[in-house]
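Single-structure report; data block below.
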Amino acid sequence: MKIMFVDDDTSILSAFKRAFYRSGWDIKYVKDGTEALELLESFQADFIITDMKMPGMNGAELLEQVSKLYPSAVRIVLSGHADEDLSVRASYVAHQWYDKPCNLELLKSEIELINEVRADLPYSKIQALLGGINSLPSIPKLFIKLKAMLHKQSISMEDISVEISKNPSLTAKVLQVANTSFFVTGANVNKVEDAIIRLGTDVICNIVAISEMYSNMGDTSNTYIAEILNRALDTANIATHIADKPIKDEAMLAGLLHNLGELLLPEISPEHMEGYLAKRIIGADNSALETTLFQVDNIQITSYLLHLWHFPYSLIRSITLQNNLEKLIIEELNCEVILHLAKSLQSNQELDERLSNRKDISIKLKSMMEQ
Amino acid sequence: MLEFWRFNTTSLENLQVIEGEYNFFVVILSFLISSFAAFALLVVLERAWQSQTSKTLLLWKIFGSIVFGLGVWAMHFTGMMAFILPIPMSYDMGLTILSVITPMVGTFLALGRLSEEKFSFLSILLCSAYLALAIGSMHYTGMEAMKMNAIMSYNLSLFITSIATAFILAMIAIYSIKAFNSNVKHTLIAKIPSSIAMGAAVAGMHYIAMSAANYHIDAHTALKHQSMSDSAIAFSLAIAGIVFVIVATTILCALIEDKLQQAEQKLEENAIREKDILEHMADGLLTMRSSGIVESINSAGALMFGYPKESIIGNNIETLIDTDKVKDLKEASLHEKLKEQLGKTLVTHGIKLDGSYFPVEIHFSKILLTTKNHTIFNCVVRDITERVQLEQQLRQSQKLESIGQLSAGIAHEINTPAQYVSDNTMFLNTAFESCLKILRKTQAFLDKEPSEISSSELTEINTLFKENDMEFVIEEIPLAITQSIDGLERVKKIVGAMKSFSHSSPGEMSLVDIAEAINSTITVSRSEWRYIAELTTSYTENLPKIKCLRDEFNQVILNCIVNAAHAIEAKNGQKSGELGTIEINVTQADQNMEILICDNGIGMTSKVKSRIFDPFFTTKDVGKGTGQGLSMAYSVIVEKHNGKIEVESEINVGTQFKISLPIS
C-alpha cells in the first residue's frame with residue numbers, strides 16, 4: 001500500500017516516520033503541495049494524507065488537484081486548524097477529515113479498513129467503463145456543503161433553506177422527493193422551510209443529496225429510473241426505522257444510495273438491458289449477472305461514484321457489504337447490517353437464517369413490524 | 001318730622017332763606033378731582049392685591065386711604081369754592097382739618113375689605129357703607145367748618161338721599177371693581193368706569209347734600225351779590241393741582257412698583273428654575289472660592305460624595321478630589337494651579353465621605369461675578385464609574401474577541417506539537433519493546449560464559465536486530481526524545497505567551513518588560529503571519545522596564561502585527577507562497593522608548609492614512625476588520641500613556657508604525 005503524507009512541519013513528518021516504521025507500508029513524507037504533485041507522477045499513492053494550512057499550496061488546493069489527476073486515490077485531511085472556509089472547501093475533495101492531535105493507531109486501522117473495502121473495487125476498470133458516459137449522476141455539491149456547514153454548527157434552518165432555494169430546479173426536486181409517501185405523511189409540504197421543519201435538517205440534507213444525484217439522470221418518470229429511485233427511498237425509509245438514533249442518518253443515506261449504480265447499467269451497455277431486466281431478482285444479489293453482462297456490478301459502480309464524491313469510507317463499506325452475508329453475520333447491528341435488512345424487507349426477500357436468528361435483529365424486526 | 005340739630009326748621013320760620021349759586025367750571029373740576037382720586041384708589045387697590053407681604057399691603061392701604069381721603073376732601077372744598085352765597089363766608093381751620101381725617105378712616109376700612117378680594121354681597125354692602133359714611137361724614141364735617149352770618153338747616157329727605165346716593169354709587173363702583181378684579185388684564189382703561197362711578201358717588205353726594213342745605217338770614221342782613229373771587233378760583237385750582245399731583249404720583253408709584261414687582265417675580269422665577277435645574281441635573285455642581293473652599297453644592301454632588309448636603313460646604317475641594325492622580329497637580333495644591341485647569345476636563349478620583357474612591361471627570365470654570373471680594377469657581381463633577389466599567393468591559397471583550405480570533409491559530413500551534421509528541425511517544429513505546437527483547441536476550445548472554453554462547457544464538461540476536469529495525473530505532477530514539485522535549489517546550493512557550501498576552505491589568509499601570517511583552521504577542525499571533533511573512537525583531541540591550549497598561553499595550557502590538565500581515569497578504573495574494581517581511585525594532589531614544597513596526601505590504605494612500613485612527617474606519621472586508629483597532633491603539637498610546645503613534649506609508653512599498661512611550 002502506497003501512502004503519502006504532506007505536512008509543512010518537519011517535526012510532524014519525522015514523527016509520522018517513526019510512528020509508521022513497522023507498518024510495512026510504502027510511505028513518502030513530503031513537506032509541501034508542489035513537491036507532492038511532483039512525486040505523485042512517479043509514486044501512485046493509494047492514500048494522500050495532508051495538512052490543511054501550508055505555505056504556498058494549501059491542503060484543499062492540493063487535494064483538488066489530486067482528485068482530478070489521481071481520482072482513485074483516497075484523500076484524507078489531517079489538520080490542526082479550525083478554519084471554517086478551508087474545511088468547507090476541503091469537504092469537496094477529502095474523504096475523511098481528522099483533527100490534530102490524532103491518534104495514529106486509529107488512523108492506521110482506518111486506513112486498513114478502507115484498504116479492505118477498496119480490495120473489492122476495481123477502480124481502474126470501472127473508471128475505464130464509465131469514461132465514455134456523458135450523463136453520470138452529478139456530484140451532490142450542495143449536500144456536501146450543507147454537511148460541512150452542519151458539522152461546524154454555524155448554520156441555521158434559514159441558512160439551509162436559503163442555500164437550497166438558490167437552485168430552483170433542485171428545490172422543486174427536493175420538494176418532490178420530500179412529498180413522496182416515504183417521508184411526508186399527511187399534508188404536502190410546499191416550501192423548503194416547511195420541509196425542514198417537518199423532516200429535520202439531516203433528512204433534508206439527504207434528500208438534497210439524492211435530488212442532486214438524480215438531477216442529471218434525465219426524466220425520473222422513466223420507469224427504469226423511477227423504480228430505482230422509489231426502491232432507494234423505500235429502503236432508506238425502512239433503514240431509518242430499524243436504525244437506532246446515532247446511526248439513523250447514515251442508515252438513511254446508505255438506503256438512498258445503495259442502488260445508485262443501477263442507473264448506469266443502461267449507459268454501459270444498453271443492448272444487455274433486456275436480458276438483465278428479465279433475469280435480475282430485485283433485492284437479491286445480482287452481482288454475478290451484472291458482472292457477466294456489464295463487466296462490473298452495480299455495487300462497484302455505486303462505491304466508485306461515492307468514492308469520487310468523497311463520501312466517507314464507512315458509507316462506502318455499507319454499500320459494498322450489502323450482499324456479503326459472510327461478513328455481515330459477524331458484524332454488530334451497524335449500518336452495513338441495517339442496509340441489508342432494509343433492502344431485503346423492501347423487496348420481500350427471505351432473510352438468511354444466520355441473521356434472522358440473531359437476537360438483536362429479531363427483536364428489532366419484531367418491534368418494527370408492530371409499528 | 002324730626003326736629004333736632006339743623007333739621008329743626010321751626011325756629012327759623014321768621015328768617016329769610018337765601019339761595020346760593022354755583023360756578024359751573026369749578027363744579028366740573030370738583031367732579032374730575034373726585035374721579036381722579038377714585039382712579040388712584042383703584043390703582044392702589046390693584047397694588048394691594050399684588051402685595052405679597054402684609055407690610056406692603058398695609059402701606060398701600062394707608063397710602064390709598066390718604067390719597068382718596070384727600071381727594072374727597074379736595075372735591076368737597078373745590079365744590080365749596082364753586083358755591084357762592086350772597087353773604088361773606090369763611091372756614092374754621094380745626095374742623096376743616098378734622099374733616100380730612102374721616103374719609104381716610106372710612107377708605108381705610110373699605111380698602112381692608114376690598115384688598116381681600118372677597119366680593120360677597122355682604123362685603124360689598126359693608127364697603128359701600130364705609131365709603132358712603134366716609135364721604136358723608138367728610139362733607140357734613142366740612143359743612144360745619146363754614147363760618148357765616150347765616151343759619152344753615154338741612155332738608156332731612158335730601159340729607160338721606162345724599163347718603164343713599166353715595167351708598168348706591170359706591171356699590172356700583174365696587175361692582176365694577178369686582179368685574180375689573182375678575183378680568184385678567186388689569187388695564188388702566190378698565191378702571192375708568194369704576195373711577196367715574198366712584199367720582200360720581202363723591203360729587204353726587206356733595207351736590208345733593210348741598211341742595212339739602214338751606215341758609216337763613218336776618219331780614220336786616222345786607223345781601224350783596226358775591227362773585228367768585230380770583231383768589232378762590234386760584235385756591236380751588238391749587239387744591240385741584242395738588243390733588244392731581246398726588247394722584248399722579250400715586251399712579252406713577254403704583255406703576256413703578258408693578259414693574260419692580262414683575263421684575264422681581266421674574267428674577268425669582270428664574271432663580272427657582274435655575275435652582276431646580278441645578279438640583280436635578282445628573283452631574284454634581286459645586287461652587288468654590290479660589291482657596292478651594294466649597295461654597296455650595298447641588299444634591300447630585302452631595303449624593304455623589306456621600307455627604308449630607310450641608311456638611312460638605314466649607315470643606316476644601318482637595319478633601320473631595322484626589323489631586324495626586326492629576327499630572328500637573330502632583331506637587332502644588334489644586335487651588336494654586338486652578339487657573340491652569342480652567343476649561344480643561346480632568347479625569348481623577350473623587351473621595352467619598354467614607355474614604356472610598358470613585359472615578360470622576362471634573363470641569364472647572366470661573367464665574368465672572370465676584371462677590372465679597374472672592375472669585376467664585378464653578379466645578380462640574382461627573383461620576384464616571386459606570387462609564388469606566390463599560391470601558392473596561394469593552395476592553396476586556398475586545399481582548400476576548402482578539403483571543404477568540406487568535407484561538408484557531410493558537411490551537412494549531414498547540415495541536416501540531418501535541419501530534420508529534422504523541423507520535424514520538426508511541427514510537428518510543430514500540431521501540432522500547434524491541435529494545436527490551438534484545439536486552440533480555442543480551443542479559444541471558446551475561447549469565448553465560450563466552451564459550452557457552454553458540455553461533456546460532458548470535459544469529460538469533462542478529463535476526464532480532466534486523467526484524468526490529470534496530471538501526472532505525474537506535475538512530476531515531478534520541479531524535480524522538482529531543483523532538484518531544486522541543487515540542488513540549490513549544491507548547492509551554494505558547495501557553496506562557498497566551499497567559500502573558502491576556503494578562504489582565506484592569507486599568508493599573510505596571511512595570512513591563514516591553515521586549516517580553518512584544519515577544520509573547522508575536523508568539524500568540526504566529527499563525528496570523530507565519531504563512532504570510534517572516535517576522536524579525538531587534539531590541540536594544542538593557543532596555544528599561546516602563547510603566548504601562550500591559551494588556552492594552554499587547555493589544556496595540558497585536559493590531560499592528562495583524563495589520564502588517566494583512567497588508568502583505570493584500571500585496572502578495574494568498575497563494576503565491578512568497579513571504580513578506582515584518583520588522584519590529586525597539587530602541588531607546590532619550591526619555592522615550594521607540595517601537596518601530598515595519599512591513600513591506602501594500603501600503604496606503606495619504607487619504608487612507610489621514611483617517612486610520614478614526615473609529616470605525618476600515619479598508620478591510622466585513623468580518624476581517626472592525627475599524628476599531630487603530631483607534632483603540634491611538635487612545636491607548638496617546639491618551640493613556642502620553643505617548644505618540646505615527647505612521648509613514650508608501651503605496652506598494654510598505655508601512656511603518658512608530659510608537660513612542662515615555663520611559664518615566
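In the C-alpha cells, the first chain shown is A, the next is B, and so on; residue numbers restart at 1 for each chain, and ligands run from 1 in the order shown.
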Select, as a ChimeraX atom specification, those residues of chain A with any atom no more than 12 Å from chain B (distances computed using only C-alpha atoms). /A:7-24,32-34,51-62,78-84,98-107
Got a sec to tell me which of stretch 233-313 of chain A DSSP assigns to helix (DSSP H, G or I), as an NGL selection string? :A and (233-242 or 245-257 or 260-268 or 270-279 or 287-294 or 298-308 or 313)
Distance query A:Ile164 at most 9 Å, only C-alpha atoms, self and fewer than 3 positions along chain excluded, as JSON, numbers by chain: {"A": [142, 159, 160, 161, 167, 168, 170, 171, 174, 192, 208]}
Contacts of B:Asn315 within 10 Å, only C-alpha atoms, excl. fewer than 3 positions in-chain, as a VMD selection string: chain B and resid 288 292 to 295 311 to 312 318 to 320
Straight-line distance linking atom CA of B:Ser176 with atom CA of B:Phe77, stated in Å to one decimal: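 Answer for the atom CA of B:Ser176 to atom CA of B:Phe77 separation: 27.2 Å.
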Residues within 10 Å of B:Phe465, only C-alpha atoms, excluding chain neighbours under 6 positions, as JSON, numbers by chain: {"B": [434, 435, 437, 438, 459, 471, 473]}
Give me, as a ChimeraX atom specification, all polymer residues having an atom no more than 12 Å from stretch 633-635 of chain B, counting only C-alpha atoms and skipping those fewer than 4 positions away in the same chain. /B:391,395,551-560,611-615,627-629,639-647,657-660
Which residues come within 12 Å of B:Val245, counting only C-alpha atoms, excluding same-chain residues fewer than 3 positions away, as a PyMOL selection string? chain B and resi 33+36-37+40+67+70-71+237-242+248-253
Save the residues we just selected, N, CA, C and O atoms, as a PDB file, in the first residue's frame?
ATOM      1  N   ILE B  33     -61.763 115.925  40.023  1.00  0.00           N
ATOM      2  CA  ILE B  33     -60.885 115.632  41.161  1.00  0.00           C
ATOM      3  C   ILE B  33     -61.312 114.332  41.836  1.00  0.00           C
ATOM      4  O   ILE B  33     -60.496 113.432  42.069  1.00  0.00           O
ATOM      5  N   PHE B  36     -60.496 111.346  39.636  1.00  0.00           N
ATOM      6  CA  PHE B  36     -59.061 111.018  39.631  1.00  0.00           C
ATOM      7  C   PHE B  36     -58.639 110.361  40.934  1.00  0.00           C
ATOM      8  O   PHE B  36     -57.883 109.391  40.951  1.00  0.00           O
ATOM      9  N   ALA B  37     -59.204 110.887  42.007  1.00  0.00           N
ATOM     10  CA  ALA B  37     -58.875 110.281  43.291  1.00  0.00           C
ATOM     11  C   ALA B  37     -59.349 108.839  43.335  1.00  0.00           C
ATOM     12  O   ALA B  37     -58.649 107.939  43.814  1.00  0.00           O
ATOM     13  N   ALA B  40     -57.014 106.753  41.360  1.00  0.00           N
ATOM     14  CA  ALA B  40     -55.817 106.481  42.154  1.00  0.00           C
ATOM     15  C   ALA B  40     -56.103 105.389  43.180  1.00  0.00           C
ATOM     16  O   ALA B  40     -55.297 104.478  43.389  1.00  0.00           O
ATOM     17  N   VAL B  67     -54.734 109.137  49.909  1.00  0.00           N
ATOM     18  CA  VAL B  67     -54.980 109.733  48.593  1.00  0.00           C
ATOM     19  C   VAL B  67     -56.468 109.954  48.365  1.00  0.00           C
ATOM     20  O   VAL B  67     -56.908 111.045  47.985  1.00  0.00           O
ATOM     21  N   LEU B  70     -57.889 112.546  50.769  1.00  0.00           N
ATOM     22  CA  LEU B  70     -57.524 113.876  50.283  1.00  0.00           C
ATOM     23  C   LEU B  70     -58.370 114.272  49.084  1.00  0.00           C
ATOM     24  O   LEU B  70     -58.827 115.413  48.956  1.00  0.00           O
ATOM     25  N   GLY B  71     -58.587 113.293  48.229  1.00  0.00           N
ATOM     26  CA  GLY B  71     -59.362 113.533  47.004  1.00  0.00           C
ATOM     27  C   GLY B  71     -60.783 113.966  47.365  1.00  0.00           C
ATOM     28  O   GLY B  71     -61.311 114.944  46.810  1.00  0.00           O
ATOM     29  N   LEU B 237     -58.137 125.855  42.191  1.00  0.00           N
ATOM     30  CA  LEU B 237     -57.239 125.282  41.179  1.00  0.00           C
ATOM     31  C   LEU B 237     -56.012 124.686  41.860  1.00  0.00           C
ATOM     32  O   LEU B 237     -55.546 123.606  41.479  1.00  0.00           O
ATOM     33  N   ALA B 238     -55.550 125.416  42.897  1.00  0.00           N
ATOM     34  CA  ALA B 238     -54.364 124.921  43.601  1.00  0.00           C
ATOM     35  C   ALA B 238     -54.662 123.588  44.267  1.00  0.00           C
ATOM     36  O   ALA B 238     -53.889 122.625  44.169  1.00  0.00           O
ATOM     37  N   ILE B 239     -55.818 123.516  44.912  1.00  0.00           N
ATOM     38  CA  ILE B 239     -56.195 122.239  45.552  1.00  0.00           C
ATOM     39  C   ILE B 239     -56.277 121.139  44.510  1.00  0.00           C
ATOM     40  O   ILE B 239     -55.716 120.049  44.665  1.00  0.00           O
ATOM     41  N   ALA B 240     -56.978 121.525  43.424  1.00  0.00           N
ATOM     42  CA  ALA B 240     -57.106 120.530  42.351  1.00  0.00           C
ATOM     43  C   ALA B 240     -55.734 120.110  41.877  1.00  0.00           C
ATOM     44  O   ALA B 240     -55.447 118.910  41.705  1.00  0.00           O
ATOM     45  N   GLY B 241     -54.854 121.102  41.698  1.00  0.00           N
ATOM     46  CA  GLY B 241     -53.490 120.788  41.214  1.00  0.00           C
ATOM     47  C   GLY B 241     -52.779 119.857  42.167  1.00  0.00           C
ATOM     48  O   GLY B 241     -52.209 118.840  41.744  1.00  0.00           O
ATOM     49  N   ILE B 242     -52.869 120.201  43.461  1.00  0.00           N
ATOM     50  CA  ILE B 242     -52.171 119.357  44.439  1.00  0.00           C
ATOM     51  C   ILE B 242     -52.704 117.926  44.395  1.00  0.00           C
ATOM     52  O   ILE B 242     -51.960 116.942  44.346  1.00  0.00           O
ATOM     53  N   ALA B 248     -51.418 111.635  40.565  1.00  0.00           N
ATOM     54  CA  ALA B 248     -50.492 111.217  39.507  1.00  0.00           C
ATOM     55  C   ALA B 248     -49.302 110.501  40.128  1.00  0.00           C
ATOM     56  O   ALA B 248     -48.863 109.458  39.630  1.00  0.00           O
ATOM     57  N   THR B 249     -48.798 111.041  41.227  1.00  0.00           N
ATOM     58  CA  THR B 249     -47.674 110.400  41.892  1.00  0.00           C
ATOM     59  C   THR B 249     -48.041 108.993  42.320  1.00  0.00           C
ATOM     60  O   THR B 249     -47.283 108.032  42.144  1.00  0.00           O
ATOM     61  N   THR B 250     -49.253 108.908  42.867  1.00  0.00           N
ATOM     62  CA  THR B 250     -49.719 107.595  43.297  1.00  0.00           C
ATOM     63  C   THR B 250     -49.725 106.608  42.137  1.00  0.00           C
ATOM     64  O   THR B 250     -49.206 105.488  42.223  1.00  0.00           O
ATOM     65  N   ILE B 251     -50.322 107.055  41.018  1.00  0.00           N
ATOM     66  CA  ILE B 251     -50.404 106.165  39.850  1.00  0.00           C
ATOM     67  C   ILE B 251     -48.996 105.782  39.397  1.00  0.00           C
ATOM     68  O   ILE B 251     -48.694 104.604  39.145  1.00  0.00           O
ATOM     69  N   LEU B 252     -48.126 106.784  39.359  1.00  0.00           N
ATOM     70  CA  LEU B 252     -46.758 106.540  38.919  1.00  0.00           C
ATOM     71  C   LEU B 252     -46.064 105.527  39.840  1.00  0.00           C
ATOM     72  O   LEU B 252     -45.453 104.552  39.391  1.00  0.00           O
ATOM     73  N   CYS B 253     -46.236 105.795  41.153  1.00  0.00           N
ATOM     74  CA  CYS B 253     -45.638 104.884  42.127  1.00  0.00           C
ATOM     75  C   CYS B 253     -46.141 103.469  41.926  1.00  0.00           C
ATOM     76  O   CYS B 253     -45.387 102.496  41.930  1.00  0.00           O
TER      77      CYS B 253
END
Atom CA of B:Ser90 and atom CA of B:Ala145 are how many Å apart?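 Atom-to-atom, atom CA of B:Ser90 and atom CA of B:Ala145 are spaced 8.2 Å apart.
Residue nearest A:Phe143 within the list A:Glu326, A:Asp46, A:Phe294, A:Glu212: A:Glu212 [criterion: smallest interatomic distance, only C-alpha atoms].
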Mind pulling up the distance from atom CA of A:Ala94 to atom CA of A:Leu146? 15.0 Å
